[in-house]
>>> print(open('entry-v3.pdb').read())   # PDB, C-alpha atoms
ATOM      1  CA  CYS A   1       0.000   0.000   0.000  1.00  0.00           C
ATOM      2  CA  MET A   2       2.794   2.406   0.894  1.00  0.00           C
ATOM      3  CA  VAL A   3       4.580   1.758  -2.397  1.00  0.00           C
ATOM      4  CA  GLN A   4       1.345   2.239  -4.364  1.00  0.00           C
ATOM      5  CA  MET A   5       0.663   5.552  -2.602  1.00  0.00           C
ATOM      6  CA  LYS A   6       4.199   6.806  -3.232  1.00  0.00           C
ATOM      7  CA  LEU A   7       4.008   5.793  -6.891  1.00  0.00           C
ATOM      8  CA  ALA A   8       0.574   7.433  -7.182  1.00  0.00           C
ATOM      9  CA  ASN A   9       2.043  10.595  -5.657  1.00  0.00           C
ATOM     10  CA  CYS A  10       4.667  10.664  -8.441  1.00  0.00           C
ATOM     11  CA  HIS A  11       1.983  10.281 -11.113  1.00  0.00           C
ATOM     12  CA  TYR A  12      -0.147  12.975  -9.433  1.00  0.00           C
ATOM     13  CA  LYS A  13       2.705  15.486  -9.412  1.00  0.00           C
ATOM     14  CA  ARG A  14       3.269  14.791 -13.123  1.00  0.00           C
ATOM     15  CA  GLY A  15      -0.399  15.426 -13.892  1.00  0.00           C
ATOM     16  CA  ASN A  16      -1.194  11.811 -14.748  1.00  0.00           C
ATOM     17  CA  TYR A  17      -4.507  11.773 -12.912  1.00  0.00           C
ATOM     18  CA  ARG A  18      -5.944   8.652 -14.526  1.00  0.00           C
ATOM     19  CA  GLU A  19      -2.961   6.549 -13.408  1.00  0.00           C
ATOM     20  CA  THR A  20      -3.124   8.136  -9.948  1.00  0.00           C
ATOM     21  CA  ALA A  21      -6.769   7.192  -9.515  1.00  0.00           C
ATOM     22  CA  ASP A  22      -6.254   3.680 -10.914  1.00  0.00           C
ATOM     23  CA  LEU A  23      -3.514   3.029  -8.342  1.00  0.00           C
ATOM     24  CA  LEU A  24      -5.199   4.576  -5.314  1.00  0.00           C
ATOM     25  CA  LYS A  25      -8.659   3.092  -5.746  1.00  0.00           C
ATOM     26  CA  LEU A  26      -7.074  -0.362  -5.363  1.00  0.00           C
ATOM     27  CA  VAL A  27      -5.818   0.548  -1.871  1.00  0.00           C
ATOM     28  CA  SER A  28      -8.312  -0.129   0.921  1.00  0.00           C
ATOM     29  CA  GLU A  29      -9.812   3.037   2.377  1.00  0.00           C
ATOM     30  CA  ASP A  30      -8.471   2.249   5.845  1.00  0.00           C
ATOM     31  CA  SER A  31      -4.935   2.070   4.415  1.00  0.00           C
ATOM     32  CA  LEU A  32      -5.091   5.324   2.424  1.00  0.00           C
ATOM     33  CA  SER A  33      -3.290   8.250   4.028  1.00  0.00           C
ATOM     34  CA  HIS A  34      -5.237  11.497   4.231  1.00  0.00           C
ATOM     35  CA  GLU A  35      -3.105  13.040   1.476  1.00  0.00           C
ATOM     36  CA  ALA A  36      -3.485  10.011  -0.790  1.00  0.00           C
ATOM     37  CA  PHE A  37      -7.255  10.107  -0.253  1.00  0.00           C
ATOM     38  CA  ARG A  38      -7.287  13.768  -1.303  1.00  0.00           C
ATOM     39  CA  GLN A  39      -5.213  12.983  -4.392  1.00  0.00           C
ATOM     40  CA  LEU A  40      -7.699  10.277  -5.356  1.00  0.00           C
ATOM     41  CA  CYS A  41     -10.603  12.736  -5.115  1.00  0.00           C
ATOM     42  CA  PHE A  42      -8.806  15.534  -6.924  1.00  0.00           C
ATOM     43  CA  SER A  43      -7.695  13.143  -9.682  1.00  0.00           C
ATOM     44  CA  TYR A  44     -11.327  12.451 -10.561  1.00  0.00           C
ATOM     45  CA  GLN A  45     -12.204  16.139 -10.268  1.00  0.00           C
ATOM     46  CA  LYS A  46      -9.381  17.100 -12.634  1.00  0.00           C
ATOM     47  CA  GLN A  47     -10.595  14.504 -15.125  1.00  0.00           C
ATOM     48  CA  GLY A  48     -14.086  15.999 -15.008  1.00  0.00           C
ATOM     49  CA  ASP A  49     -15.583  12.796 -13.578  1.00  0.00           C
ATOM     50  CA  THR A  50     -18.071  14.436 -11.208  1.00  0.00           C
ATOM     51  CA  ASP A  51     -19.843  11.249 -10.105  1.00  0.00           C
ATOM     52  CA  SER A  52     -16.575   9.566  -9.084  1.00  0.00           C
ATOM     53  CA  TYR A  53     -15.378  12.774  -7.417  1.00  0.00           C
ATOM     54  CA  ILE A  54     -18.564  12.925  -5.352  1.00  0.00           C
ATOM     55  CA  TYR A  55     -18.377   9.228  -4.430  1.00  0.00           C
ATOM     56  CA  TRP A  56     -14.750   9.289  -3.278  1.00  0.00           C
ATOM     57  CA  THR A  57     -15.084  12.650  -1.541  1.00  0.00           C
ATOM     58  CA  GLU A  58     -18.037  11.234   0.392  1.00  0.00           C
ATOM     59  CA  GLN A  59     -15.779   8.404   1.541  1.00  0.00           C
ATOM     60  CA  LEU A  60     -13.009  10.831   2.484  1.00  0.00           C
ATOM     61  CA  VAL A  61     -15.385  13.028   4.493  1.00  0.00           C
ATOM     62  CA  ASN A  62     -16.630   9.937   6.337  1.00  0.00           C
ATOM     63  CA  HIS A  63     -13.030   9.277   7.418  1.00  0.00           C
ATOM     64  CA  TYR A  64     -11.961  12.919   7.883  1.00  0.00           C
ATOM     65  CA  PRO A  65     -15.129  14.899   8.673  1.00  0.00           C
ATOM     66  CA  MET A  66     -13.251  18.094   9.626  1.00  0.00           C
ATOM     67  CA  ASP A  67     -11.385  18.461   6.322  1.00  0.00           C
ATOM     68  CA  GLY A  68     -13.093  21.743   5.502  1.00  0.00           C
ATOM     69  CA  GLU A  69     -11.659  22.043   1.998  1.00  0.00           C
ATOM     70  CA  MET A  70     -13.064  18.667   0.978  1.00  0.00           C
ATOM     71  CA  VAL A  71     -16.404  19.310   2.694  1.00  0.00           C
ATOM     72  CA  ALA A  72     -16.671  22.577   0.759  1.00  0.00           C
ATOM     73  CA  GLY A  73     -15.784  20.808  -2.488  1.00  0.00           C
ATOM     74  CA  LEU A  74     -18.372  18.099  -1.887  1.00  0.00           C
ATOM     75  CA  THR A  75     -21.056  20.637  -0.931  1.00  0.00           C
ATOM     76  CA  LEU A  76     -20.468  22.590  -4.135  1.00  0.00           C
ATOM     77  CA  ALA A  77     -20.222  19.452  -6.288  1.00  0.00           C
ATOM     78  CA  TYR A  78     -23.628  18.307  -5.035  1.00  0.00           C
ATOM     79  CA  ALA A  79     -25.112  21.730  -5.767  1.00  0.00           C
ATOM     80  CA  LYS A  80     -23.679  21.885  -9.291  1.00  0.00           C
ATOM     81  CA  ASN A  81     -24.817  18.309  -9.924  1.00  0.00           C
ATOM     82  CA  GLU A  82     -28.448  19.312  -9.332  1.00  0.00           C
ATOM     83  CA  GLN A  83     -28.434  17.977  -5.769  1.00  0.00           C
ATOM     84  CA  PRO A  84     -28.334  21.216  -3.748  1.00  0.00           C
ATOM     85  CA  GLN A  85     -30.284  19.625  -0.886  1.00  0.00           C
ATOM     86  CA  ASN A  86     -27.498  17.068  -0.394  1.00  0.00           C
ATOM     87  CA  GLY A  87     -24.978  19.905  -0.492  1.00  0.00           C
ATOM     88  CA  ILE A  88     -26.897  21.769   2.196  1.00  0.00           C
ATOM     89  CA  ILE A  89     -26.999  18.666   4.419  1.00  0.00           C
ATOM     90  CA  CYS A  90     -23.254  18.133   3.942  1.00  0.00           C
ATOM     91  CA  GLY A  91     -22.356  21.755   4.698  1.00  0.00           C
ATOM     92  CA  MET A  92     -24.720  22.063   7.655  1.00  0.00           C
ATOM     93  CA  LYS A  93     -23.321  18.922   9.260  1.00  0.00           C
ATOM     94  CA  TYR A  94     -19.848  20.458   9.200  1.00  0.00           C
ATOM     95  CA  THR A  95     -20.984  23.862  10.502  1.00  0.00           C
ATOM     96  CA  GLN A  96     -22.488  22.241  13.592  1.00  0.00           C
ATOM     97  CA  ARG A  97     -18.893  21.674  14.727  1.00  0.00           C
ATOM     98  CA  ASP A  98     -17.172  24.632  13.028  1.00  0.00           C
ATOM     99  CA  SER A  99     -19.260  27.563  11.810  1.00  0.00           C
ATOM    100  CA  THR A 100     -16.316  29.812  10.940  1.00  0.00           C
ATOM    101  CA  ASN A 101     -14.766  28.021   7.958  1.00  0.00           C
ATOM    102  CA  ILE A 102     -15.044  30.475   5.066  1.00  0.00           C
ATOM    103  CA  LEU A 103     -14.628  27.819   2.361  1.00  0.00           C
ATOM    104  CA  VAL A 104     -17.486  25.745   3.768  1.00  0.00           C
ATOM    105  CA  ASN A 105     -19.687  28.785   4.344  1.00  0.00           C
ATOM    106  CA  ARG A 106     -19.153  29.949   0.747  1.00  0.00           C
ATOM    107  CA  ALA A 107     -20.079  26.533  -0.618  1.00  0.00           C
ATOM    108  CA  LEU A 108     -23.092  26.278   1.693  1.00  0.00           C
ATOM    109  CA  ALA A 109     -24.310  29.744   0.698  1.00  0.00           C
ATOM    110  CA  ASP A 110     -24.009  28.781  -2.971  1.00  0.00           C
ATOM    111  CA  ALA A 111     -25.947  25.569  -2.295  1.00  0.00           C
ATOM    112  CA  TRP A 112     -28.742  27.562  -0.643  1.00  0.00           C
ATOM    113  CA  PHE A 113     -28.693  29.919  -3.641  1.00  0.00           C
ATOM    114  CA  MET A 114     -28.934  27.052  -6.154  1.00  0.00           C
ATOM    115  CA  ASN A 115     -31.772  25.626  -4.084  1.00  0.00           C
ATOM    116  CA  ARG A 116     -33.500  29.008  -4.571  1.00  0.00           C
ATOM    117  CA  ASP A 117     -33.685  29.652  -0.829  1.00  0.00           C
ATOM    118  CA  PHE A 118     -32.520  33.229  -1.241  1.00  0.00           C
ATOM    119  CA  SER A 119     -33.217  34.289   2.352  1.00  0.00           C
ATOM    120  CA  ALA A 120     -30.955  31.581   3.792  1.00  0.00           C
ATOM    121  CA  ALA A 121     -28.308  32.282   1.156  1.00  0.00           C
ATOM    122  CA  ALA A 122     -28.391  36.036   1.819  1.00  0.00           C
ATOM    123  CA  ARG A 123     -27.953  35.527   5.567  1.00  0.00           C
ATOM    124  CA  LEU A 124     -24.894  33.380   4.943  1.00  0.00           C
ATOM    125  CA  TYR A 125     -23.390  35.789   2.397  1.00  0.00           C
ATOM    126  CA  ASP A 126     -23.857  38.568   4.975  1.00  0.00           C
ATOM    127  CA  ARG A 127     -22.086  36.436   7.543  1.00  0.00           C
ATOM    128  CA  LEU A 128     -19.229  35.794   5.105  1.00  0.00           C
ATOM    129  CA  MET A 129     -18.799  39.530   4.617  1.00  0.00           C
ATOM    130  CA  GLU A 130     -18.757  39.981   8.398  1.00  0.00           C
ATOM    131  CA  GLN A 131     -15.922  37.439   8.434  1.00  0.00           C
ATOM    132  CA  GLY A 132     -14.016  39.631   5.991  1.00  0.00           C
ATOM    133  CA  ASP A 133     -14.825  37.725   2.812  1.00  0.00           C
ATOM    134  CA  SER A 134     -15.102  40.360   0.070  1.00  0.00           C
ATOM    135  CA  THR A 135     -14.531  38.196  -3.009  1.00  0.00           C
ATOM    136  CA  PHE A 136     -16.379  38.891  -6.257  1.00  0.00           C
ATOM    137  CA  ASN A 137     -18.490  35.740  -5.965  1.00  0.00           C
ATOM    138  CA  THR A 138     -19.691  36.570  -2.447  1.00  0.00           C
ATOM    139  CA  LEU A 139     -20.618  40.153  -3.300  1.00  0.00           C
ATOM    140  CA  TYR A 140     -22.202  39.285  -6.654  1.00  0.00           C
ATOM    141  CA  SER A 141     -24.219  36.397  -5.215  1.00  0.00           C
ATOM    142  CA  ALA A 142     -25.349  38.564  -2.281  1.00  0.00           C
ATOM    143  CA  GLY A 143     -26.508  41.199  -4.765  1.00  0.00           C
ATOM    144  CA  MET A 144     -28.366  38.568  -6.773  1.00  0.00           C
ATOM    145  CA  CYS A 145     -30.032  37.235  -3.606  1.00  0.00           C
ATOM    146  CA  TYR A 146     -31.247  40.654  -2.543  1.00  0.00           C
ATOM    147  CA  SER A 147     -32.452  41.325  -6.072  1.00  0.00           C
ATOM    148  CA  GLN A 148     -34.566  38.157  -5.871  1.00  0.00           C
ATOM    149  CA  LEU A 149     -35.813  39.241  -2.426  1.00  0.00           C
ATOM    150  CA  GLU A 150     -36.666  42.676  -3.908  1.00  0.00           C
ATOM    151  CA  ASP A 151     -34.437  44.510  -1.451  1.00  0.00           C
ATOM    152  CA  LEU A 152     -33.109  46.600  -4.311  1.00  0.00           C
ATOM    153  CA  GLU A 153     -31.014  49.040  -2.282  1.00  0.00           C
ATOM    154  CA  LEU A 154     -28.905  46.217  -0.855  1.00  0.00           C
ATOM    155  CA  ALA A 155     -28.826  44.571  -4.280  1.00  0.00           C
ATOM    156  CA  TYR A 156     -27.497  47.844  -5.733  1.00  0.00           C
ATOM    157  CA  LYS A 157     -24.864  48.161  -2.999  1.00  0.00           C
ATOM    158  CA  TYR A 158     -23.427  44.656  -3.414  1.00  0.00           C
ATOM    159  CA  LEU A 159     -23.644  44.498  -7.204  1.00  0.00           C
ATOM    160  CA  GLN A 160     -21.838  47.826  -7.464  1.00  0.00           C
ATOM    161  CA  LEU A 161     -19.053  46.587  -5.160  1.00  0.00           C
ATOM    162  CA  ALA A 162     -18.814  43.324  -7.118  1.00  0.00           C
ATOM    163  CA  PHE A 163     -18.592  45.160 -10.434  1.00  0.00           C
ATOM    164  CA  LEU A 164     -15.773  47.345  -9.155  1.00  0.00           C
ATOM    165  CA  ILE A 165     -13.875  44.280  -7.893  1.00  0.00           C
ATOM    166  CA  SER A 166     -14.250  42.685 -11.351  1.00  0.00           C
ATOM    167  CA  GLY A 167     -12.389  45.653 -12.811  1.00  0.00           C
ATOM    168  CA  MET A 168     -15.675  46.647 -14.474  1.00  0.00           C
ATOM    169  CA  GLN A 169     -15.273  43.685 -16.848  1.00  0.00           C
ATOM    170  CA  HIS A 170     -18.041  41.267 -15.781  1.00  0.00           C
ATOM    171  CA  TYR A 171     -20.887  41.767 -18.252  1.00  0.00           C
ATOM    172  CA  GLY A 172     -23.397  39.747 -16.220  1.00  0.00           C
ATOM    173  CA  CYS A 173     -22.811  41.952 -13.199  1.00  0.00           C
ATOM    174  CA  ALA A 174     -23.031  45.115 -15.333  1.00  0.00           C
ATOM    175  CA  TYR A 175     -26.330  43.900 -16.778  1.00  0.00           C
ATOM    176  CA  ARG A 176     -27.857  43.036 -13.382  1.00  0.00           C
ATOM    177  CA  LEU A 177     -26.636  46.308 -11.918  1.00  0.00           C
ATOM    178  CA  GLY A 178     -28.174  48.200 -14.825  1.00  0.00           C
ATOM    179  CA  VAL A 179     -31.530  46.497 -14.288  1.00  0.00           C
ATOM    180  CA  VAL A 180     -31.482  47.263 -10.544  1.00  0.00           C
ATOM    181  CA  CYS A 181     -30.599  50.901 -11.283  1.00  0.00           C
ATOM    182  CA  VAL A 182     -33.551  51.216 -13.680  1.00  0.00           C
ATOM    183  CA  ASP A 183     -35.878  49.536 -11.165  1.00  0.00           C
ATOM    184  CA  THR A 184     -34.785  52.037  -8.490  1.00  0.00           C
ATOM    185  CA  LYS A 185     -35.262  54.968 -10.918  1.00  0.00           C
ATOM    186  CA  ARG A 186     -31.540  55.652 -11.316  1.00  0.00           C
ATOM    187  CA  TYR A 187     -32.185  55.859 -15.039  1.00  0.00           C
ATOM    188  CA  PRO A 188     -29.036  57.561 -16.405  1.00  0.00           C
ATOM    189  CA  GLU A 189     -26.789  55.336 -14.267  1.00  0.00           C
ATOM    190  CA  GLY A 190     -28.751  52.243 -15.248  1.00  0.00           C
ATOM    191  CA  LEU A 191     -28.532  53.046 -18.956  1.00  0.00           C
ATOM    192  CA  ASN A 192     -24.779  53.533 -18.630  1.00  0.00           C
ATOM    193  CA  TYR A 193     -24.362  50.098 -17.013  1.00  0.00           C
ATOM    194  CA  LEU A 194     -26.584  48.459 -19.642  1.00  0.00           C
ATOM    195  CA  ALA A 195     -24.621  50.132 -22.437  1.00  0.00           C
ATOM    196  CA  LEU A 196     -21.387  48.882 -20.857  1.00  0.00           C
ATOM    197  CA  ALA A 197     -22.834  45.376 -20.513  1.00  0.00           C
ATOM    198  CA  THR A 198     -23.763  45.450 -24.209  1.00  0.00           C
ATOM    199  CA  GLU A 199     -20.235  46.503 -25.111  1.00  0.00           C
ATOM    200  CA  LEU A 200     -18.685  43.748 -22.964  1.00  0.00           C
ATOM    201  CA  MET A 201     -21.024  41.113 -24.440  1.00  0.00           C
ATOM    202  CA  GLN A 202     -20.271  41.860 -28.084  1.00  0.00           C
ATOM    203  CA  SER A 203     -17.477  39.293 -28.358  1.00  0.00           C
ATOM    204  CA  ASP A 204     -19.988  36.525 -27.500  1.00  0.00           C
ATOM    205  CA  SER A 205     -22.778  36.426 -30.074  1.00  0.00           C
ATOM    206  CA  THR A 206     -24.759  33.781 -28.125  1.00  0.00           C
ATOM    207  CA  ILE A 207     -24.879  35.881 -24.953  1.00  0.00           C
ATOM    208  CA  MET A 208     -25.530  39.014 -27.010  1.00  0.00           C
TER     209      MET A 208
END
>>> encode(input="entry-v3.pdb", output="structure tokens")
Amino acid sequence: CMVQMKLANCHYKRGNYRETADLLKLVSEDSLSHEAFRQLCFSYQKQGDTDSYIYWTEQLVNHYPMDGEMVAGLTLAYAKNEQPQNGIICGMKYTQRDSTNILVNRALADAWFMNRDFSAAARLYDRLMEQGDSTFNTLYSAGMCYSQLEDLELAYKYLQLAFLISGMQHYGCAYRLGVVCVDTKRYPEGLNYLALATELMQSDSTIM
């Protein structure tokens, strides 16, 4: 087992993810080191095999329930695989023991969002910002949540911050911000954002 894990580690570092997974899945779960287990999961993720990634990450989390990075990855994988309820269960189970992990909270907020529970998602995005998380995704998603909840002033605030963080290059954010501006009667500002969104979209005829 030790030799297989060391050999798999060499393949992993060379980017040979198929060979890594083929070696590690033959090792019994109880014999896999934590790092080898993570390499097995990431190997499937890097190959785009979502079902295998979810299966093996479930096994890893059963063995190492406080690996926040893997819990966050599993939560988000469920949500993107049209199983947001499973993602919510996974994330909530972790937060019962540690409610301060930003990676897990981000993934859980996104799972709530994909489950269309915008109130729960907004509360968690607010909490993330209180923790100092000011990434584009957190601000943009918070703005989208408040837009859905028709709290347009908060939607305007967060979408504007997100657009600035994007370097004023994210056409989806510019478009949503323009719509919120028009809905709050900031007509000249809204038209400017919509014009900018149109300009940014022009390279993509499908989106346009």
>>> residues_around(input="entry-v3.pdb", residues="A:Asp117", least_positions_apart="4", cutoff="12 Å", atoms="only C-alpha atoms", output="PDB file with C-alpha atoms, in the coordinates of the input")
ATOM      1  CA  PRO A  84     -28.334  21.216  -3.748  1.00  0.00           C
ATOM      2  CA  GLN A  85     -30.284  19.625  -0.886  1.00  0.00           C
ATOM      3  CA  ILE A  88     -26.897  21.769   2.196  1.00  0.00           C
ATOM      4  CA  LEU A 108     -23.092  26.278   1.693  1.00  0.00           C
ATOM      5  CA  ALA A 109     -24.310  29.744   0.698  1.00  0.00           C
ATOM      6  CA  ASP A 110     -24.009  28.781  -2.971  1.00  0.00           C
ATOM      7  CA  ALA A 111     -25.947  25.569  -2.295  1.00  0.00           C
ATOM      8  CA  TRP A 112     -28.742  27.562  -0.643  1.00  0.00           C
ATOM      9  CA  PHE A 113     -28.693  29.919  -3.641  1.00  0.00           C
ATOM     10  CA  ALA A 121     -28.308  32.282   1.156  1.00  0.00           C
ATOM     11  CA  ALA A 122     -28.391  36.036   1.819  1.00  0.00           C
ATOM     12  CA  ARG A 123     -27.953  35.527   5.567  1.00  0.00           C
ATOM     13  CA  LEU A 124     -24.894  33.380   4.943  1.00  0.00           C
ATOM     14  CA  MET A 144     -28.366  38.568  -6.773  1.00  0.00           C
ATOM     15  CA  CYS A 145     -30.032  37.235  -3.606  1.00  0.00           C
ATOM     16  CA  TYR A 146     -31.247  40.654  -2.543  1.00  0.00           C
ATOM     17  CA  GLN A 148     -34.566  38.157  -5.871  1.00  0.00           C
ATOM     18  CA  LEU A 149     -35.813  39.241  -2.426  1.00  0.00           C
TER      19      LEU A 149
END
>>> resolve_selection(input="entry-v3.pdb", expression="the PyMOL selection byres ((chain A and resi 134-138) around 9)", output="number ranges by chain")
A: 106, 109-110, 125-126, 128-129, 131-133, 139-143, 158, 161-166
>>> atom_distance(input="entry-v3.pdb", atom1="atom CA of A:Met92", atom2="atom CA of A:Tyr53")
20.0 Å
>>> atom_distance(input="entry-v3.pdb", atom1="atom CA of A:Leu152", atom2="atom CA of A:Asn115")
21.0 Å
>>> resolve_selection(input="entry-v3.pdb", expression="the PyMOL selection byres ((chain A and resi 8) around 10)", output="NGL selection string")
:A and (2-7 or 9-14 or 16-24 or 36 or 39-40)
>>> axis_aligned_box(input="entry-v3.pdb", around="stretch 161-174 of chain A", padding_each_side="6 Å", output="lines of an AutoDock Vina configuration file")
center_x = -17.9
center_y = 43.5
center_z = -11.7
size_x = 23.0
size_y = 19.6
size_z = 25.1
>>> resolve_selection(input="entry-v3.pdb", expression="the PyMOL selection byres ((chain A and resi 194) around 12)", output="JSON, numbers by chain")
{"A": [170, 171, 172, 173, 174, 175, 176, 177, 178, 179, 180, 181, 182, 187, 188, 189, 190, 191, 192, 193, 195, 196, 197, 198, 199, 200, 201]}
>>> closest_residue(input="entry-v3.pdb", among="A:Tyr55, A:Gly48, A:Phe118, A:Val104", to="A:Thr75", atoms="only C-alpha atoms")
A:Val104
>>> atom_distance(input="entry-v3.pdb", atom1="atom CA of A:Trp56", atom2="atom CA of A:Phe37")
8.1 Å
>>> residues_around(input="entry-v3.pdb", residues="A:Ala107", least_positions_apart="6", cutoff="9 Å", atoms="all atoms listed in the file", output="list of chain:residue names")
A:Val71, A:Ala72, A:Gly73, A:Leu74, A:Thr75, A:Leu76, A:Ala79, A:Gly87, A:Ile88, A:Gly91
